[in-house]
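A quick write-up on the structure given underneath.
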Amino acid sequence: MAGLWFEDFEVGMVFDHEIRRTVLEQENMWFSALTYNPAQIHIDHAYAAETEFGKPLFNSIFTLGLVIGLSIQDTTLGTTVANLGMSETTFPKPVFAGDTIHARTTILNLRESKSRPAQGIVQFEHLGFNQHDEVICRTLRGALMHKRPAA
């Protein structure tokens, strides 16, 4: 399914995204290396074994990106102009290698763009869940969206 135009969204719409993704240990290592994040909790098994978690945690920015990424096919693929920002982002449960992540998106707010008549702003709430249906990530995302092209 391609992304939706601004006019296709309605406040209160909920998308339970079909695509799920199991995260792998090497992805956490690569992401941490690519983003220059040397935090031991992500990359050092011996250190992480001594923490309350007992094993490395997935980098939270990877988790945020994945949760939003899982939503794109159903909501904004090809119809987004730009992300305007994320707010109220929380990570209530940790993510570990081998967890399977799925996402849900709710449309919270819509408004016409004041400066761009062919576009509008959508506020999304993205929730990420692990395989136990525990919330592992929540964020509010504002996106500038294209309106449907004139016929």
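Residues in the structure tokens are numbered from 1 in each chain, the chains being A, B, ... in the order shown, and ligands are numbered from 1 in the order shown.
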Pick out the residues sitting within 8 Å of A:Thr106, and hand them over as an MDAnalysis selection string; count only C-alpha atoms, and ignore anything fewer than 4 positions along from it in its own chain. chainID A and resid 11:15 124:126
Quick one: residues within 6 Å of stretch 131-138 of chain A, only C-alpha atoms, excluding same-chain residues fewer than 3 positions away - as a PyMOL selection string? chain A and resi 89-93+100+126-128
May I have the selected residues written with N, CA, C and O atoms, as a short mmCIF file (atom, residue, chain, number, x, y, z; two decimals), in the first residue's frame?
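The file below, again.cif, is the result:
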```
data_model
loop_
_atom_site.label_atom_id
_atom_site.label_comp_id
_atom_site.auth_asym_id
_atom_site.auth_seq_id
_atom_site.Cartn_x
_atom_site.Cartn_y
_atom_site.Cartn_z
N THR A 89 9.04 11.27 23.37
CA THR A 89 9.55 9.94 23.06
C THR A 89 9.98 9.25 24.35
O THR A 89 10.73 9.80 25.15
N THR A 90 9.47 8.04 24.53
CA THR A 90 9.82 7.24 25.71
C THR A 90 10.12 5.80 25.28
O THR A 90 9.65 5.34 24.23
N PHE A 91 10.88 5.11 26.13
CA PHE A 91 11.25 3.72 25.90
C PHE A 91 10.94 2.94 27.18
O PHE A 91 11.83 2.69 27.99
N PRO A 92 9.67 2.55 27.39
CA PRO A 92 9.27 1.94 28.66
C PRO A 92 9.88 0.57 28.95
O PRO A 92 9.99 0.18 30.11
N LYS A 93 10.24 -0.18 27.92
CA LYS A 93 10.84 -1.51 28.09
C LYS A 93 12.07 -1.60 27.19
O LYS A 93 12.08 -1.04 26.09
N THR A 100 11.11 -9.42 18.54
CA THR A 100 10.36 -9.14 17.31
C THR A 100 9.48 -7.94 17.57
O THR A 100 8.65 -7.95 18.48
N HIS A 126 3.22 7.01 17.34
CA HIS A 126 3.75 5.69 17.00
C HIS A 126 4.03 4.93 18.28
O HIS A 126 4.68 5.46 19.19
N LEU A 127 3.54 3.71 18.33
CA LEU A 127 3.84 2.81 19.44
C LEU A 127 4.55 1.59 18.89
O LEU A 127 4.12 1.02 17.88
N GLY A 128 5.64 1.20 19.55
CA GLY A 128 6.33 -0.04 19.20
C GLY A 128 6.11 -1.06 20.30
O GLY A 128 6.06 -0.71 21.48
#
```
Who sits within 10 Å of A:Ala118, only C-alpha atoms, same chain under 5 positions skipped, as a list of chain:residue names: A:Phe6, A:Glu112, A:Ser113, A:Met145, A:His146, A:Lys147, A:Arg148, A:Pro149, A:Ala150
Taking N, CA, C and O atoms for each residue, export the selection above as a PDB file, in the first residue's frame.
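The resulting file, selection-v5.pdb, is shown below:
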```pdb
ATOM      1  N   PHE A   6      -2.559  13.818   2.521  1.00  0.00           N
ATOM      2  CA  PHE A   6      -3.039  14.547   3.698  1.00  0.00           C
ATOM      3  C   PHE A   6      -4.550  14.362   3.879  1.00  0.00           C
ATOM      4  O   PHE A   6      -5.028  14.088   4.983  1.00  0.00           O
ATOM      5  N   GLU A 112      -4.048  22.204   8.116  1.00  0.00           N
ATOM      6  CA  GLU A 112      -3.535  22.734   6.856  1.00  0.00           C
ATOM      7  C   GLU A 112      -2.239  23.480   7.129  1.00  0.00           C
ATOM      8  O   GLU A 112      -2.096  24.114   8.176  1.00  0.00           O
ATOM      9  N   SER A 113      -1.316  23.450   6.188  1.00  0.00           N
ATOM     10  CA  SER A 113      -0.110  24.260   6.311  1.00  0.00           C
ATOM     11  C   SER A 113      -0.465  25.705   5.991  1.00  0.00           C
ATOM     12  O   SER A 113      -1.143  25.977   5.000  1.00  0.00           O
ATOM     13  N   MET A 145       2.919  16.711   4.969  1.00  0.00           N
ATOM     14  CA  MET A 145       2.423  15.751   3.990  1.00  0.00           C
ATOM     15  C   MET A 145       1.903  16.450   2.749  1.00  0.00           C
ATOM     16  O   MET A 145       1.296  17.507   2.835  1.00  0.00           O
ATOM     17  N   HIS A 146       2.102  15.790   1.610  1.00  0.00           N
ATOM     18  CA  HIS A 146       1.530  16.286   0.363  1.00  0.00           C
ATOM     19  C   HIS A 146       0.020  16.120   0.383  1.00  0.00           C
ATOM     20  O   HIS A 146      -0.485  15.105   0.885  1.00  0.00           O
ATOM     21  N   LYS A 147      -0.688  17.079  -0.180  1.00  0.00           N
ATOM     22  CA  LYS A 147      -2.097  16.898  -0.481  1.00  0.00           C
ATOM     23  C   LYS A 147      -2.206  16.168  -1.810  1.00  0.00           C
ATOM     24  O   LYS A 147      -1.259  16.124  -2.598  1.00  0.00           O
ATOM     25  N   ARG A 148      -3.381  15.623  -2.070  1.00  0.00           N
ATOM     26  CA  ARG A 148      -3.633  14.900  -3.311  1.00  0.00           C
ATOM     27  C   ARG A 148      -3.406  15.861  -4.496  1.00  0.00           C
ATOM     28  O   ARG A 148      -3.893  16.976  -4.480  1.00  0.00           O
ATOM     29  N   PRO A 149      -2.670  15.425  -5.504  1.00  0.00           N
ATOM     30  CA  PRO A 149      -2.446  16.299  -6.663  1.00  0.00           C
ATOM     31  C   PRO A 149      -3.768  16.634  -7.368  1.00  0.00           C
ATOM     32  O   PRO A 149      -4.684  15.808  -7.403  1.00  0.00           O
ATOM     33  N   ALA A 150      -3.841  17.831  -7.900  1.00  0.00           N
ATOM     34  CA  ALA A 150      -5.040  18.235  -8.653  1.00  0.00           C
ATOM     35  C   ALA A 150      -5.181  17.350  -9.888  1.00  0.00           C
ATOM     36  O   ALA A 150      -4.205  17.007 -10.531  1.00  0.00           O
TER      37      ALA A 150
END
```
Neighbouring residues of A:Ala97 were defined as those with any atom within 9 Å, considering only C-alpha atoms; residues of the same chain fewer than 5 positions away were excluded. Please report them as a CSV table (one decimal) with N, CA, C and O atoms, in the first residue's frame.
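Listed below is the output, part-v7.csv:
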```csv
chain,number,residue,atom,x,y,z
A,22,THR,N,12.3,-9.0,13.5
A,22,THR,CA,13.1,-9.4,14.5
A,22,THR,C,14.5,-8.8,14.4
A,22,THR,O,15.1,-8.7,13.3
A,23,VAL,N,14.9,-8.2,15.5
A,23,VAL,CA,16.2,-7.5,15.5
A,23,VAL,C,17.4,-8.4,15.9
A,23,VAL,O,17.2,-9.3,16.7
A,24,LEU,N,18.5,-8.2,15.2
A,24,LEU,CA,19.6,-9.1,15.4
A,24,LEU,C,20.8,-8.4,16.1
A,24,LEU,O,21.0,-7.2,15.9
A,25,GLU,N,21.6,-9.1,16.8
A,25,GLU,CA,22.7,-8.6,17.6
A,25,GLU,C,23.6,-7.7,16.7
A,25,GLU,O,24.0,-6.6,17.1
A,26,GLN,N,24.0,-8.2,15.5
A,26,GLN,CA,24.9,-7.5,14.7
A,26,GLN,C,24.3,-6.1,14.2
A,26,GLN,O,25.1,-5.2,14.0
A,27,GLU,N,23.0,-6.0,14.1
A,27,GLU,CA,22.4,-4.7,13.8
A,27,GLU,C,22.6,-3.7,14.8
A,27,GLU,O,22.9,-2.5,14.6
A,28,ASN,N,22.6,-4.1,16.1
A,28,ASN,CA,22.8,-3.2,17.2
A,28,ASN,C,24.3,-2.7,17.2
A,28,ASN,O,24.6,-1.6,17.4
A,56,PRO,N,23.3,-7.0,26.4
A,56,PRO,CA,23.3,-5.7,25.8
A,56,PRO,C,21.9,-5.2,25.4
A,56,PRO,O,21.0,-6.0,25.0
A,57,LEU,N,21.6,-3.9,25.6
A,57,LEU,CA,20.4,-3.3,25.2
A,57,LEU,C,20.5,-2.8,23.8
A,57,LEU,O,21.6,-2.3,23.4
A,58,PHE,N,19.4,-2.8,23.0
A,58,PHE,CA,19.5,-2.2,21.7
A,58,PHE,C,19.5,-0.7,21.9
A,58,PHE,O,18.9,-0.1,22.8
```
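Residues surrounding stretch 67-78 of chain A within 9 Å are Met1, Ala2, Gly3, Leu4, Trp5, Phe9, Phe15, Asp16, His17, Glu18, Ile19, Arg20, Arg21, Ile101, His102, Ala103, Arg104, Thr105, His126, Leu127, Gly128, Phe129, Cys137, Arg138, Thr139, Arg141, Ala143, Met145 and His146 of chain A [only C-alpha atoms; sequence separation below 6 positions excluded].
Between atom CA of A:Gly98 and atom CA of A:Ser60 lies a distance of 15.3 Å.
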To one decimal in Å, tell me the separation between atom CA of A:Thr35 and atom CA of A:Thr80. 24.7 Å
Pick from A:Val122, A:Leu34, A:Ala49, A:Ala151 nearest to A:Leu84, counting only C-alpha atoms: A:Val122
